[in-house]
Amino acid sequence: MKPTPYIWKNGELIPWEEAQVHVLTHALHYGTGVFEGVRAYKTAQGPAIFKAKAHYDRLINSGKIYQMNLPYSSDELIEATKLLIRENKLDACYIRPLCYYGYGAMGLHPGKNPIDTIIAAWEWGSYLGEEGLEKGIRCKMSSWTRIDSRILPPLAKSTANYANSALAKMEALSCGFDEAILLNLNGNVAEGPGENIFMIKDGAIYSPPASDNALLGITAQTAIELAKDLNIPISFKSIIRDELFIADELFFTGTAAEITPIREIDGRIIGSGKRGPLTEKIQTRFFDAVKGNMPQYVSWLTHA
Ligand code: PPE
């Protein structure tokens with residue numbers, strides 16, 4: 001990761017190196033933080049934040065689930081993000097907003113500890129590799145189960161949830177795969193450690209519903225809108241592991257992962273073993289839209 005000049009913290013821009021926390025920060029011990037992952041893309045009119053409002057609204061909702069009253073509104077955080085992109089002179093970047101219980105008292109109840117808010121931005125290329133975007137990636141069915149809403153709320157993008165994701169990711173990589181796929185406690189397909197999953201069968205697209213413990217992904221919602229505009233039928237339904245094995249095409253969506261085809265699971269070749277035609281159609285439109293090349297989707301972009 002290449003440092004940028006500034007990080008936004010609690011209303012001000014501070015030098016990257018000075019954005020430090022105390023070792024007794026509450027969130028560091030107990031995972032009491034909520035965050036977002038956002039991207040800004042290079043467009044002919046300068047850098048544009050993709051679906052900024054949807055991301056910050058989800059951040060506020062993550063806070064709500066954790067009974068954290070975030071100190072800033074979506075609009076204030078969008079303005080802060082624009083300032084950060086401009087002052088860091090970034091054309092395209094990944095943006096990481098985080099609200100966390102800071103330093104104060106120790107003990108599980110965060111009590112009166114401050115809620116600190118930071119936004120960082122840096123250049124981050126393709127999450128699962130350029131080759132992955134084009135040729136598809138190899139996945140492992142995880143031995144870890146996706147968190148359940150009776151254990152940790154999967155719809156909140158909280159730092160605590162990502163211990164589950166990190167375990168799955170580490171296992172997949174140590175077994176020689178690119179990424180993991182997690183089932184939920186009922187044995188239905190949930191999602192990747194940092195991605196929603198989509199399955200294509202006989203010309204129709206399916207994705208697990210939120211009730212199967214998948215995050216309400218903003219890229220997933222975008223893929224749904226793009227598929228609808230292409231007249232491809234798309235719906236939410238519970239999916240079992242076997243259905244993935246015999247799918248025509250599979251792909252992941254995520255802010256970091258963008259739209260990444262899946263070409264193999266545990267040694268089984270998916271479809272033709274390369275990016276499928278419907279995946280490619282949606283992926284192409286996605287990249288055109290985020291770069292501001294499709295007038296019908298410019299409302300998704302907020303220029304910095
Ligand atoms: N599921 C999970 C568990 C998840 O973390 C993400 C985003 C998604 C689905 C896709 O959601 P969306 O970005 O709104 O389309 N994962 C973020 C963190 C990745 C990381 O490694 O850090 C991201 O993509 O920014």
# chains A, B, ... in the order shown; residues from 1 in each chain; ligands from 1
>>> select_by_dssp(residues="range 144-285 of chain A", states="helix (DSSP H, G or I)", output="VMD selection string")
chain A and resid 161 to 174 210 to 212 218 to 229 241 to 245 277 to 285
>>> residues_around(residues="Arg86 in chain A", least_positions_apart="3", cutoff="12 Å", atoms="only C-alpha atoms", output="MDAnalysis selection string")
chainID A and resid 4:8 13 40 46:49 79:83 89:93 121 303:304
>>> residues_near_ligand(ligand="ligand 1", cutoff="8 Å", atoms="only C-alpha atoms and all ligand atoms", output="PyMOL selection string")
chain A and resi 36-39+55+94+96+127+154+157+161-162+165+191-196+214-221+253-258
>>> write_last_selection(atoms="N, CA and C atoms", output="mmCIF file, in the first residue's frame")
data_model
loop_
_atom_site.group_PDB
_atom_site.id
_atom_site.type_symbol
_atom_site.label_atom_id
_atom_site.label_comp_id
_atom_site.auth_asym_id
_atom_site.auth_seq_id
_atom_site.Cartn_x
_atom_site.Cartn_y
_atom_site.Cartn_z
ATOM 1 N N GLU A 36 -16.613 0.799 6.000
ATOM 2 C CA GLU A 36 -17.078 0.691 4.621
ATOM 3 C C GLU A 36 -15.880 0.500 3.716
ATOM 4 N N GLY A 37 -16.150 0.016 2.531
ATOM 5 C CA GLY A 37 -15.153 -0.027 1.468
ATOM 6 C C GLY A 37 -15.828 0.612 0.276
ATOM 7 N N VAL A 38 -15.204 1.648 -0.253
ATOM 8 C CA VAL A 38 -15.803 2.437 -1.338
ATOM 9 C C VAL A 38 -14.723 2.576 -2.393
ATOM 10 N N ARG A 39 -15.108 2.748 -3.653
ATOM 11 C CA ARG A 39 -14.086 3.057 -4.645
ATOM 12 C C ARG A 39 -14.427 4.360 -5.353
ATOM 13 N N HIS A 55 -23.152 3.720 0.249
ATOM 14 C CA HIS A 55 -22.110 3.247 1.170
ATOM 15 C C HIS A 55 -22.227 3.914 2.534
ATOM 16 N N TYR A 94 -9.241 3.376 -3.556
ATOM 17 C CA TYR A 94 -10.112 2.641 -2.640
ATOM 18 C C TYR A 94 -10.244 3.535 -1.413
ATOM 19 N N ARG A 96 -11.563 3.863 2.612
ATOM 20 C CA ARG A 96 -11.897 3.075 3.794
ATOM 21 C C ARG A 96 -12.352 3.974 4.941
ATOM 22 N N TYR A 127 -8.519 -6.548 -6.809
ATOM 23 C CA TYR A 127 -8.428 -7.281 -5.531
ATOM 24 C C TYR A 127 -8.007 -8.725 -5.743
ATOM 25 N N PRO A 154 -24.595 -10.328 10.405
ATOM 26 C CA PRO A 154 -23.902 -10.287 9.119
ATOM 27 C C PRO A 154 -24.229 -9.062 8.265
ATOM 28 N N LYS A 157 -21.526 -4.129 8.685
ATOM 29 C CA LYS A 157 -20.147 -4.296 8.221
ATOM 30 C C LYS A 157 -19.270 -3.902 9.402
ATOM 31 N N ASN A 161 -16.824 -8.958 12.404
ATOM 32 C CA ASN A 161 -17.222 -9.978 11.415
ATOM 33 C C ASN A 161 -16.053 -10.459 10.577
ATOM 34 N N TYR A 162 -15.066 -9.612 10.446
ATOM 35 C CA TYR A 162 -13.985 -9.916 9.502
ATOM 36 C C TYR A 162 -12.936 -10.862 10.056
ATOM 37 N N SER A 165 -14.105 -13.768 8.150
ATOM 38 C CA SER A 165 -13.663 -13.640 6.752
ATOM 39 C C SER A 165 -12.166 -13.898 6.618
ATOM 40 N N GLU A 191 -21.709 -16.436 1.017
ATOM 41 C CA GLU A 191 -20.949 -15.466 0.218
ATOM 42 C C GLU A 191 -19.461 -15.759 0.331
ATOM 43 N N GLY A 192 -18.639 -14.916 -0.253
ATOM 44 C CA GLY A 192 -17.194 -14.982 -0.091
ATOM 45 C C GLY A 192 -16.808 -14.175 1.142
ATOM 46 N N PRO A 193 -15.543 -14.216 1.547
ATOM 47 C CA PRO A 193 -15.106 -13.463 2.736
ATOM 48 C C PRO A 193 -15.291 -11.947 2.575
ATOM 49 N N GLY A 194 -15.261 -11.487 1.341
ATOM 50 C CA GLY A 194 -15.449 -10.052 1.080
ATOM 51 C C GLY A 194 -16.199 -9.824 -0.214
ATOM 52 N N GLU A 195 -17.066 -10.783 -0.578
ATOM 53 C CA GLU A 195 -17.779 -10.680 -1.859
ATOM 54 C C GLU A 195 -19.142 -11.347 -1.760
ATOM 55 N N ASN A 196 -20.095 -10.843 -2.522
ATOM 56 C CA ASN A 196 -21.349 -11.573 -2.750
ATOM 57 C C ASN A 196 -21.145 -12.510 -3.921
ATOM 58 N N ALA A 214 -25.888 -13.159 3.796
ATOM 59 C CA ALA A 214 -25.021 -12.436 2.855
ATOM 60 C C ALA A 214 -25.171 -10.941 3.140
ATOM 61 N N LEU A 215 -24.084 -10.220 3.065
ATOM 62 C CA LEU A 215 -24.139 -8.756 3.221
ATOM 63 C C LEU A 215 -24.988 -8.181 2.091
ATOM 64 N N LEU A 216 -25.713 -7.094 2.367
ATOM 65 C CA LEU A 216 -26.473 -6.432 1.295
ATOM 66 C C LEU A 216 -25.462 -5.608 0.491
ATOM 67 N N GLY A 217 -24.875 -6.248 -0.496
ATOM 68 C CA GLY A 217 -23.764 -5.647 -1.228
ATOM 69 C C GLY A 217 -24.224 -4.567 -2.203
ATOM 70 N N ILE A 218 -23.434 -3.537 -2.269
ATOM 71 C CA ILE A 218 -23.764 -2.422 -3.163
ATOM 72 C C ILE A 218 -23.369 -2.763 -4.603
ATOM 73 N N THR A 219 -22.290 -3.501 -4.763
ATOM 74 C CA THR A 219 -21.926 -3.969 -6.112
ATOM 75 C C THR A 219 -22.936 -5.022 -6.574
ATOM 76 N N ALA A 220 -23.406 -5.843 -5.626
ATOM 77 C CA ALA A 220 -24.432 -6.848 -5.966
ATOM 78 C C ALA A 220 -25.682 -6.143 -6.479
ATOM 79 N N GLN A 221 -26.105 -5.097 -5.780
ATOM 80 C CA GLN A 221 -27.281 -4.325 -6.204
ATOM 81 C C GLN A 221 -27.039 -3.725 -7.592
ATOM 82 N N THR A 253 -19.160 -10.404 -6.593
ATOM 83 C CA THR A 253 -19.212 -8.943 -6.682
ATOM 84 C C THR A 253 -18.714 -8.355 -5.369
ATOM 85 N N GLY A 254 -18.113 -7.191 -5.431
ATOM 86 C CA GLY A 254 -17.676 -6.487 -4.225
ATOM 87 C C GLY A 254 -16.992 -5.194 -4.638
ATOM 88 N N THR A 255 -16.939 -4.269 -3.722
ATOM 89 C CA THR A 255 -16.263 -3.009 -4.047
ATOM 90 C C THR A 255 -14.810 -3.285 -4.392
ATOM 91 N N ALA A 256 -14.138 -4.064 -3.547
ATOM 92 C CA ALA A 256 -12.740 -4.385 -3.817
ATOM 93 C C ALA A 256 -12.661 -5.355 -5.001
ATOM 94 N N ALA A 257 -13.467 -6.408 -4.986
ATOM 95 C CA ALA A 257 -13.403 -7.474 -6.012
ATOM 96 C C ALA A 257 -14.036 -7.066 -7.341
ATOM 97 N N GLU A 258 -14.815 -5.997 -7.331
ATOM 98 C CA GLU A 258 -15.551 -5.528 -8.523
ATOM 99 C C GLU A 258 -16.417 -6.683 -9.054
#
>>> residues_around(residues="Leu250 in chain A", least_positions_apart="2", cutoff="12 Å", atoms="only C-alpha atoms", output="ChimeraX atom specification")
/A:136-139,181,191,196-201,204-207,243-248,252-253,259-265,269-280
>>> atom_distance(atom1="CA of Pro208 in chain A", atom2="CA of Ala180 in chain A")
15.8 Å
>>> closest_residue(among="A:Trp16, A:Tyr41, A:Phe236, A:Tyr72", to="Phe287 in chain A", atoms="only C-alpha atoms")
A:Tyr41
>>> atom_distance(atom1="CA of Phe35 in chain A", atom2="CA of Leu173 in chain A")
24.2 Å
